[in-house]
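Chemist: Let me begin by handing over the structure; questions about it come next.
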Amino acid sequence: MTAKPIIRQVLPADLSQDRLPRHVAVIMDGNGRWAKNRGLPRIMGHRRGVDTLKRVLRYCSDWGVRALTAYAFSTENWGRPLEEVDFLMTLFERVLRQELAEMMEEDVRISFVGNLAALPQSLRAEIDRAVTQTTGNQGIQFTVATNYGGRQEIIQACRAIAIKVQQGHIQPEDIDETLFTHHLYTAEIGDPDLLIRTSGEMRISNFLLWQLAYAEIYVTKTLWPDFDQTEFHQALYDYQQRDRRFGKVR
Ligand code: IPE
Ligand code: IPE
Ligand code: MG
């Protein structure tokens, strides 16, 4: 069997390599509306959304973005109809199984953030397998936020730190931003430079509350299944025009 050649996209000429965001986060919103607009069941939008995510991961990897974090399922999304929740869990599991070989080929390192213990056992098994297999890969760091909630993440960090204080391993004075950051799910991933949200909603919806403190935010009305290369290019272009001051003056 001959391996199919990997065709890499080059960075568009109007983007500068040294001003690329290191880490891009996406709130992949609008799958349901995309399907509704076509008279289809919502789940068809989620299916299409997977294709978009695969493409965005590819652009990031080819163009030199080092990390991509995608919001796949929030702690609030359990409140959706059981049928939709079940579909999503099965979809995540199937996609992980199907894409693992390609992630290996493309040198992608996958990880997950969120309360994974509450996910179905069969999905957790796929997650463990994918994370373990790709752990030594050197390419893009691809993180999927699954059963993720920013408030829940902060609370679990507080508990872990409180236990260390209680056991005498650290003192209350030792708690600072660095220590706190080390207790978040994202300890090894770092903060996003750019947050993209599709479908026009101007909110964070409990995503990476701590980590987005100084992210540049880009919102497009385009629904996630329609978010394409031109749109992603536009988001990066827009990002490169921003003046990131971090509270300082020039
Ligand atoms: C985002 O699309 C995907 C998930 C939250 C899993 P939605 O399902 O929220 O789509 P809309 O917002 O209803 O259109
Ligand atoms: C945010 O989208 C969660 C994900 C994309 C996984 P939602 O559609 O759940 O958020 P709201 O309800 O618009 O705030
Ligand atoms: Mg939504």
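Chains: A, B, ... in order of the structure tokens. Residues: from 1 per chain. Ligands: from 1, in order shown.
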Find the residues near ligand 2. Use a cut-off of 6 Å, count only C-alpha atoms and all ligand atoms, and write them as a ChimeraX atom specification.

Modeler: /A:27-29,71-74,77,205

Chemist: For Gly139 of chain A, find every residue with an atom within 12 Å (counting only C-alpha atoms), except residues of its own chain fewer than 2 positions away, and show them as a CSV table (one decimal) with C-alpha atoms, in the first residue's frame.

Modeler:
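Wrote it out as selection27.csv, contents follow:
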chain,number,residue,atom,x,y,z
A,57,LEU,CA,-7.0,21.6,12.3
A,58,ARG,CA,-5.3,21.1,8.9
A,60,CYS,CA,-3.6,25.5,11.7
A,61,SER,CA,-1.1,22.7,11.3
A,62,ASP,CA,0.0,23.7,7.8
A,63,TRP,CA,0.2,27.4,8.5
A,64,GLY,CA,2.2,27.1,11.7
A,65,VAL,CA,-0.3,27.6,14.5
A,66,ARG,CA,1.1,25.5,17.3
A,67,ALA,CA,-2.1,24.8,19.3
A,68,LEU,CA,-5.8,24.5,18.6
A,103,MET,CA,-3.6,12.1,13.4
A,104,MET,CA,-0.6,9.8,13.8
A,105,GLU,CA,0.4,10.4,10.1
A,106,GLU,CA,0.1,14.2,10.6
A,107,ASP,CA,2.0,14.1,13.9
A,108,VAL,CA,-1.0,15.6,15.8
A,109,ARG,CA,-0.8,15.4,19.6
A,110,ILE,CA,-4.4,15.2,20.9
A,134,THR,CA,-0.3,10.5,20.1
A,135,THR,CA,1.5,11.6,23.2
A,136,GLY,CA,5.0,11.6,21.6
A,137,ASN,CA,3.9,13.4,18.5
A,141,GLN,CA,-1.2,20.3,20.0
A,142,PHE,CA,-5.0,19.7,19.4

Chemist: Can you list, as a list of chain:residue names, all residues belonging to segment 13-128 of chain A that DSSP tags as strand (DSSP E or B)?

Modeler: A:His23, A:Val24, A:Ala25, A:Val26, A:Ile27, A:Ala67, A:Leu68, A:Thr69, A:Ala70, A:Tyr71, A:Ala72, A:Phe73, A:Ser74, A:Arg109, A:Ile110, A:Ser111, A:Phe112, A:Val113

Chemist: Could the residues in this selection be written to a file with N, CA and C atoms, as a PDB file, in the first residue's frame?

Modeler:
ATOM      1  N   HIS A  23      -1.631  29.983  19.766  1.00  0.00           N
ATOM      2  CA  HIS A  23      -2.721  29.101  20.209  1.00  0.00           C
ATOM      3  C   HIS A  23      -4.071  29.716  19.811  1.00  0.00           C
ATOM      4  N   VAL A  24      -4.835  28.979  19.049  1.00  0.00           N
ATOM      5  CA  VAL A  24      -6.175  29.420  18.626  1.00  0.00           C
ATOM      6  C   VAL A  24      -7.218  28.565  19.347  1.00  0.00           C
ATOM      7  N   ALA A  25      -8.250  29.203  19.878  1.00  0.00           N
ATOM      8  CA  ALA A  25      -9.365  28.470  20.490  1.00  0.00           C
ATOM      9  C   ALA A  25     -10.625  28.766  19.679  1.00  0.00           C
ATOM     10  N   VAL A  26     -11.483  27.771  19.542  1.00  0.00           N
ATOM     11  CA  VAL A  26     -12.727  28.005  18.780  1.00  0.00           C
ATOM     12  C   VAL A  26     -13.960  27.529  19.542  1.00  0.00           C
ATOM     13  N   ILE A  27     -14.967  28.384  19.558  1.00  0.00           N
ATOM     14  CA  ILE A  27     -16.296  27.979  20.025  1.00  0.00           C
ATOM     15  C   ILE A  27     -17.080  27.664  18.756  1.00  0.00           C
ATOM     16  N   ALA A  67      -1.056  25.422  18.476  1.00  0.00           N
ATOM     17  CA  ALA A  67      -2.065  24.760  19.302  1.00  0.00           C
ATOM     18  C   ALA A  67      -3.470  25.196  18.893  1.00  0.00           C
ATOM     19  N   LEU A  68      -4.384  24.225  18.853  1.00  0.00           N
ATOM     20  CA  LEU A  68      -5.791  24.499  18.560  1.00  0.00           C
ATOM     21  C   LEU A  68      -6.625  23.858  19.660  1.00  0.00           C
ATOM     22  N   THR A  69      -7.511  24.643  20.267  1.00  0.00           N
ATOM     23  CA  THR A  69      -8.409  24.096  21.280  1.00  0.00           C
ATOM     24  C   THR A  69      -9.851  24.327  20.834  1.00  0.00           C
ATOM     25  N   ALA A  70     -10.625  23.257  20.754  1.00  0.00           N
ATOM     26  CA  ALA A  70     -11.998  23.353  20.240  1.00  0.00           C
ATOM     27  C   ALA A  70     -13.012  22.950  21.307  1.00  0.00           C
ATOM     28  N   TYR A  71     -14.061  23.765  21.427  1.00  0.00           N
ATOM     29  CA  TYR A  71     -15.116  23.520  22.414  1.00  0.00           C
ATOM     30  C   TYR A  71     -16.136  22.583  21.778  1.00  0.00           C
ATOM     31  N   ALA A  72     -16.161  21.348  22.220  1.00  0.00           N
ATOM     32  CA  ALA A  72     -17.034  20.350  21.601  1.00  0.00           C
ATOM     33  C   ALA A  72     -18.309  20.106  22.397  1.00  0.00           C
ATOM     34  N   PHE A  73     -18.201  20.195  23.732  1.00  0.00           N
ATOM     35  CA  PHE A  73     -19.371  19.897  24.562  1.00  0.00           C
ATOM     36  C   PHE A  73     -19.200  20.576  25.909  1.00  0.00           C
ATOM     37  N   SER A  74     -20.165  21.405  26.281  1.00  0.00           N
ATOM     38  CA  SER A  74     -20.036  22.142  27.540  1.00  0.00           C
ATOM     39  C   SER A  74     -20.755  21.394  28.661  1.00  0.00           C
ATOM     40  N   ARG A 109      -0.784  15.879  18.226  1.00  0.00           N
ATOM     41  CA  ARG A 109      -0.848  15.426  19.616  1.00  0.00           C
ATOM     42  C   ARG A 109      -2.201  15.850  20.174  1.00  0.00           C
ATOM     43  N   ILE A 110      -3.058  14.876  20.469  1.00  0.00           N
ATOM     44  CA  ILE A 110      -4.406  15.222  20.924  1.00  0.00           C
ATOM     45  C   ILE A 110      -4.494  15.148  22.443  1.00  0.00           C
ATOM     46  N   SER A 111      -5.253  16.062  23.017  1.00  0.00           N
ATOM     47  CA  SER A 111      -5.538  15.978  24.447  1.00  0.00           C
ATOM     48  C   SER A 111      -6.961  16.468  24.687  1.00  0.00           C
ATOM     49  N   PHE A 112      -7.459  16.231  25.885  1.00  0.00           N
ATOM     50  CA  PHE A 112      -8.840  16.579  26.210  1.00  0.00           C
ATOM     51  C   PHE A 112      -8.863  17.384  27.493  1.00  0.00           C
ATOM     52  N   VAL A 113      -9.734  18.363  27.563  1.00  0.00           N
ATOM     53  CA  VAL A 113      -9.938  19.081  28.815  1.00  0.00           C
ATOM     54  C   VAL A 113     -11.420  19.014  29.168  1.00  0.00           C
TER      55      VAL A 113
END

Chemist: Mind giving me the straight-line distance from atom CA of Ala157 of chain A to atom CA of Tyr214 of chain A in Å, one decimal?

Modeler: 20.4 Å

Chemist: Between chain A and ligand 1, at 10 Å or less, what are the per-residue closest atom pairs and their distances in Å? Count only C-alpha atoms and all ligand atoms, order by chain and rising residue number, and return it as a tab-separated table.

Modeler:
residue	atom	partner	partner_atom_place_in_ligand_line	distance
A:Ile27	CA	ligand 1	1 (C)	7.6
A:Met28	CA	ligand 1	1 (C)	5.3
A:Asp29	CA	ligand 1	1 (C)	3.8
A:Gly30	CA	ligand 1	14 (O)	3.2
A:Asn31	CA	ligand 1	10 (O)	3.9
A:Gly32	CA	ligand 1	14 (O)	3.6
A:Arg33	CA	ligand 1	14 (O)	3.6
A:Trp34	CA	ligand 1	14 (O)	6.3
A:Ala35	CA	ligand 1	14 (O)	7.9
A:Lys36	CA	ligand 1	14 (O)	8.1
A:Asn37	CA	ligand 1	14 (O)	9.6
A:Arg42	CA	ligand 1	8 (O)	7.0
A:Ile43	CA	ligand 1	8 (O)	8.1
A:Gly45	CA	ligand 1	8 (O)	7.5
A:His46	CA	ligand 1	3 (C)	6.4
A:Arg47	CA	ligand 1	3 (C)	9.9
A:Gly49	CA	ligand 1	3 (C)	7.7
A:Val50	CA	ligand 1	3 (C)	9.8
A:Tyr71	CA	ligand 1	4 (C)	7.8
A:Ala72	CA	ligand 1	6 (C)	5.3
A:Phe73	CA	ligand 1	6 (C)	5.0
A:Ser74	CA	ligand 1	5 (C)	6.9
A:Glu76	CA	ligand 1	5 (C)	9.1
A:Asn77	CA	ligand 1	5 (C)	6.5
A:Trp78	CA	ligand 1	6 (C)	9.8
A:Arg80	CA	ligand 1	8 (O)	9.1
A:Glu84	CA	ligand 1	6 (C)	8.8
A:Val85	CA	ligand 1	6 (C)	8.4
A:Leu88	CA	ligand 1	6 (C)	7.1
A:Met89	CA	ligand 1	6 (C)	9.8
A:Thr146	CA	ligand 1	6 (C)	9.3
A:Thr198	CA	ligand 1	1 (C)	9.0
A:Ser199	CA	ligand 1	12 (O)	7.2
A:Gly200	CA	ligand 1	12 (O)	9.6
A:Glu201	CA	ligand 1	12 (O)	8.6
A:Ser205	CA	ligand 1	5 (C)	9.9
A:Leu223	CA	ligand 1	14 (O)	7.4
A:Trp224	CA	ligand 1	2 (O)	7.3
A:Pro225	CA	ligand 1	2 (O)	9.1

Chemist: Choose the residue, out of A:Tyr148, A:Met202, A:Asp238, A:His182, that has the smallest atom-to-atom separation from ligand 3; count only C-alpha atoms and all ligand atoms.

Modeler: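 That would be A:Met202, the residue with the smallest distance to ligand 3.
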
Chemist: In Å, rounded to a single decimal, give me how far atom CA of Lys221 of chain A is from atom CA of Leu82 of chain A.

Modeler: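 Distance between the two atoms: 27.7 Å.
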